[in-house]
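To keep things clear, I will list the structure first and then write my remarks on it.
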Amino acid sequence: MLVVRAIKEHDLDGLLALASQVGGGMTTLKADRGMLGNRVDVACASFAEKIAPPQRDYLFVMEDTANARLVGVCAIKSAVGLEEPFYNYRIGTLVHSSNELKVFSRMETLYLSNDLTGSAELCSLFLHPDYRNGTNGKLLSKSRFLFIAQFPHLFSEKLIAEMRGFQRADGSSPFWDSLGRHFFKMDFNRADDLSSLGKKSFIAELMPRHPLYVDYLPPEAKEVIGLVHVDTAPARHLLEQEGLYYEGYVDIFDAGPVLQARVSALRALRESALAIVETAKQDGANESPVLVSNTVMRDFRIIAAHAHPEHGRIALAADDLSLLACKAGDPVRTMSLNPKKNTHA
């Protein structure tokens with residue numbers, strides 16, 4: 001049985017095992033014990049509310065309780081760019097015209113930007129390949145939205161998610177090879193590693209501050225701007241279902257898209273609701289799966305349960321109650337696993 005829960009100190013080895021399978025391009029989840037250990041410490045302090053909200057990093061793990069095995073990870077950073085710069089490229093437009101020559105042209109440009117500083121960030125989403133089936137990916141990704149809905153006061157108005165950009169089969173990045181490599185004099189993986197370790201001052205020191213014309217890039221690089229890694233496409237779709245959208249910001253290393261949304265406009269803020277737990281008197285296997293979380297920050301837990309909330313109450317099986325660390329009479333937050341279809345579209 002699967003549960004997504006707040007990470008604990010003893011989860012470090014399992015987290016390291018997951019990170020070792022991620023591959024390049026995900027700067028927030030590198031297989032480095034020291035870095036991950038520090039992150040687990042910050043996450044535990046975050047759930048315990050021992051540090052200020054803007055400094056918090058809420059790290060969640062998916063556990064297969066039958067095997068006591070960590071099989072997935074995801075996170076929410078409360079705010080980016082407050083302690084070290086947070087860079088993106090903003091895609092802009094420059095117009096060149098001449099009345100005398102009857103010439104008018106629009107050219108796309110890349111601006112080095114700190115526009116998204118202070119935003120909350122969804123990050124570090126990874127599900128073990130053995131578990132990429134059924135509703136497991138949805139449970140892992142969407143669990144974070146119920147956490148935000150339960151504790152909306154802890155987050156700024158804007159939420160973002162940097163998507164891993166397109167890479168070739170050998171792990172190299174066409175965008176990096178055509179642009180960043182010329183300024184940094186290092187390969188993609190080296191720059192990615194330095195960024196993940198917090199050594200980001202080199203970005204400001206080496207990247208040009210003036211706009212870069214997209215048309216100057218080779219076709220292979222131009223074509224991947226805003227595209228996601230093949231393994232990231234399902235994650236992008238899930239985030240877009242919950243209200244995030246692409247608005248012209250991309251990663252400076254691999255040109256992966258940055259999705260964003262207003263927290264107040266998220267589906268979880270509009271559709272999730274509190275309910276009181278009752279003990280199920282019969283098997284609810286015929287019900288559509290519903291996301292159900294407890295309401296305890298320190299030990300936040302969420303599952304996909306076959307149940308139907310009605311009139312402010314929800315009947316859960318004993319196994320579900322155990323996974324949620326709940327009992328009859330406790331409040332839980334619920335939301336349909338899938339968005340309601342828009343019948344007017």
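In the structure tokens, each chain is lettered A, B, ... as it comes, each chain's residues begin at 1, and ligands are numbered from 1 in order of appearance.
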
Item checked: Close residues, A:Glu157 itself excluded, 10 Å, only C-alpha atoms, min 3 positions apart in chain, as an MDAnalysis selection string -> chainID A and resid 118:120 152:154 261:265

Checklist line | Spatial neighbours of A:Lys340, max dist 10 Å, only C-alpha atoms, sep filter under 6 positions, as a list in words | finding: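 Residues meeting the cut-off are Gln241, Arg267 and Glu271 of chain A.
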
Next item on the list: Any chance you could list, as number ranges by chain, the residues in stretch 56-231 of chain A that come up helix (DSSP H, G or I) when DSSP is run on the backbone?
Entry: A: 129-131, 136-150, 152-154, 174-178, 180-184, 188-196, 201-206, 214-216, 219-222

Same residues, C-alpha atoms, saved as a PDB file, in the first residue's frame:
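Saved to result.pdb:
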ATOM      1  CA  PRO A 129      10.304   3.196 -12.685  1.00  0.00           C
ATOM      2  CA  ASP A 130       8.870   0.041 -11.095  1.00  0.00           C
ATOM      3  CA  TYR A 131       5.943   2.091  -9.766  1.00  0.00           C
ATOM      4  CA  ASN A 136       0.768   6.279  -8.520  1.00  0.00           C
ATOM      5  CA  GLY A 137       2.179   9.238 -10.451  1.00  0.00           C
ATOM      6  CA  LYS A 138      -0.954  11.282  -9.888  1.00  0.00           C
ATOM      7  CA  LEU A 139      -0.919  10.557  -6.165  1.00  0.00           C
ATOM      8  CA  LEU A 140       2.714  11.611  -5.834  1.00  0.00           C
ATOM      9  CA  SER A 141       2.470  14.805  -7.868  1.00  0.00           C
ATOM     10  CA  LYS A 142      -0.916  15.991  -6.649  1.00  0.00           C
ATOM     11  CA  SER A 143      -0.245  15.306  -2.969  1.00  0.00           C
ATOM     12  CA  ARG A 144       1.562  18.649  -2.792  1.00  0.00           C
ATOM     13  CA  PHE A 145      -1.537  20.549  -3.829  1.00  0.00           C
ATOM     14  CA  LEU A 146      -3.537  19.210  -0.889  1.00  0.00           C
ATOM     15  CA  PHE A 147      -0.723  20.316   1.424  1.00  0.00           C
ATOM     16  CA  ILE A 148      -0.911  23.826  -0.046  1.00  0.00           C
ATOM     17  CA  ALA A 149      -4.699  23.812   0.269  1.00  0.00           C
ATOM     18  CA  GLN A 150      -4.451  22.800   3.918  1.00  0.00           C
ATOM     19  CA  PRO A 152      -2.274  28.217   2.137  1.00  0.00           C
ATOM     20  CA  HIS A 153      -1.109  30.926   4.550  1.00  0.00           C
ATOM     21  CA  LEU A 154       2.433  29.531   4.368  1.00  0.00           C
ATOM     22  CA  PRO A 174      21.245  20.874 -27.399  1.00  0.00           C
ATOM     23  CA  PHE A 175      20.406  24.225 -25.837  1.00  0.00           C
ATOM     24  CA  TRP A 176      23.372  24.154 -23.472  1.00  0.00           C
ATOM     25  CA  ASP A 177      25.761  23.027 -26.186  1.00  0.00           C
ATOM     26  CA  SER A 178      24.652  25.906 -28.416  1.00  0.00           C
ATOM     27  CA  GLY A 180      25.682  28.121 -22.202  1.00  0.00           C
ATOM     28  CA  ARG A 181      28.780  26.095 -23.020  1.00  0.00           C
ATOM     29  CA  HIS A 182      30.325  29.084 -24.806  1.00  0.00           C
ATOM     30  CA  PHE A 183      30.118  31.255 -21.683  1.00  0.00           C
ATOM     31  CA  PHE A 184      30.814  28.672 -18.972  1.00  0.00           C
ATOM     32  CA  PHE A 188      26.118  20.479 -19.104  1.00  0.00           C
ATOM     33  CA  ASN A 189      26.438  17.974 -16.251  1.00  0.00           C
ATOM     34  CA  ARG A 190      29.236  19.971 -14.579  1.00  0.00           C
ATOM     35  CA  ALA A 191      27.233  23.208 -14.647  1.00  0.00           C
ATOM     36  CA  ASP A 192      24.148  21.336 -13.447  1.00  0.00           C
ATOM     37  CA  ASP A 193      26.108  19.847 -10.532  1.00  0.00           C
ATOM     38  CA  LEU A 194      27.501  23.235  -9.472  1.00  0.00           C
ATOM     39  CA  SER A 195      24.048  24.777  -9.540  1.00  0.00           C
ATOM     40  CA  SER A 196      22.575  21.949  -7.440  1.00  0.00           C
ATOM     41  CA  SER A 201      27.363  32.975  -8.346  1.00  0.00           C
ATOM     42  CA  PHE A 202      29.091  31.852 -11.554  1.00  0.00           C
ATOM     43  CA  ILE A 203      25.806  32.338 -13.426  1.00  0.00           C
ATOM     44  CA  ALA A 204      25.729  36.067 -12.750  1.00  0.00           C
ATOM     45  CA  GLU A 205      29.460  36.384 -13.296  1.00  0.00           C
ATOM     46  CA  LEU A 206      29.571  34.634 -16.670  1.00  0.00           C
ATOM     47  CA  VAL A 214      16.943  33.387 -30.492  1.00  0.00           C
ATOM     48  CA  ASP A 215      17.491  33.452 -34.267  1.00  0.00           C
ATOM     49  CA  TYR A 216      21.246  33.402 -33.686  1.00  0.00           C
ATOM     50  CA  PRO A 219      17.980  25.171 -35.344  1.00  0.00           C
ATOM     51  CA  GLU A 220      18.486  22.231 -32.944  1.00  0.00           C
ATOM     52  CA  ALA A 221      18.697  24.619 -29.985  1.00  0.00           C
ATOM     53  CA  LYS A 222      15.807  26.847 -31.100  1.00  0.00           C
TER      54      LYS A 222
END

Next item on the list: Give me the residues within 8 Å of A:Ser46 as a PyMOL selection string, counting only C-alpha atoms and dropping any in the same chain fewer than 5 places off.
Entry: chain A and resi 51+53+56-58
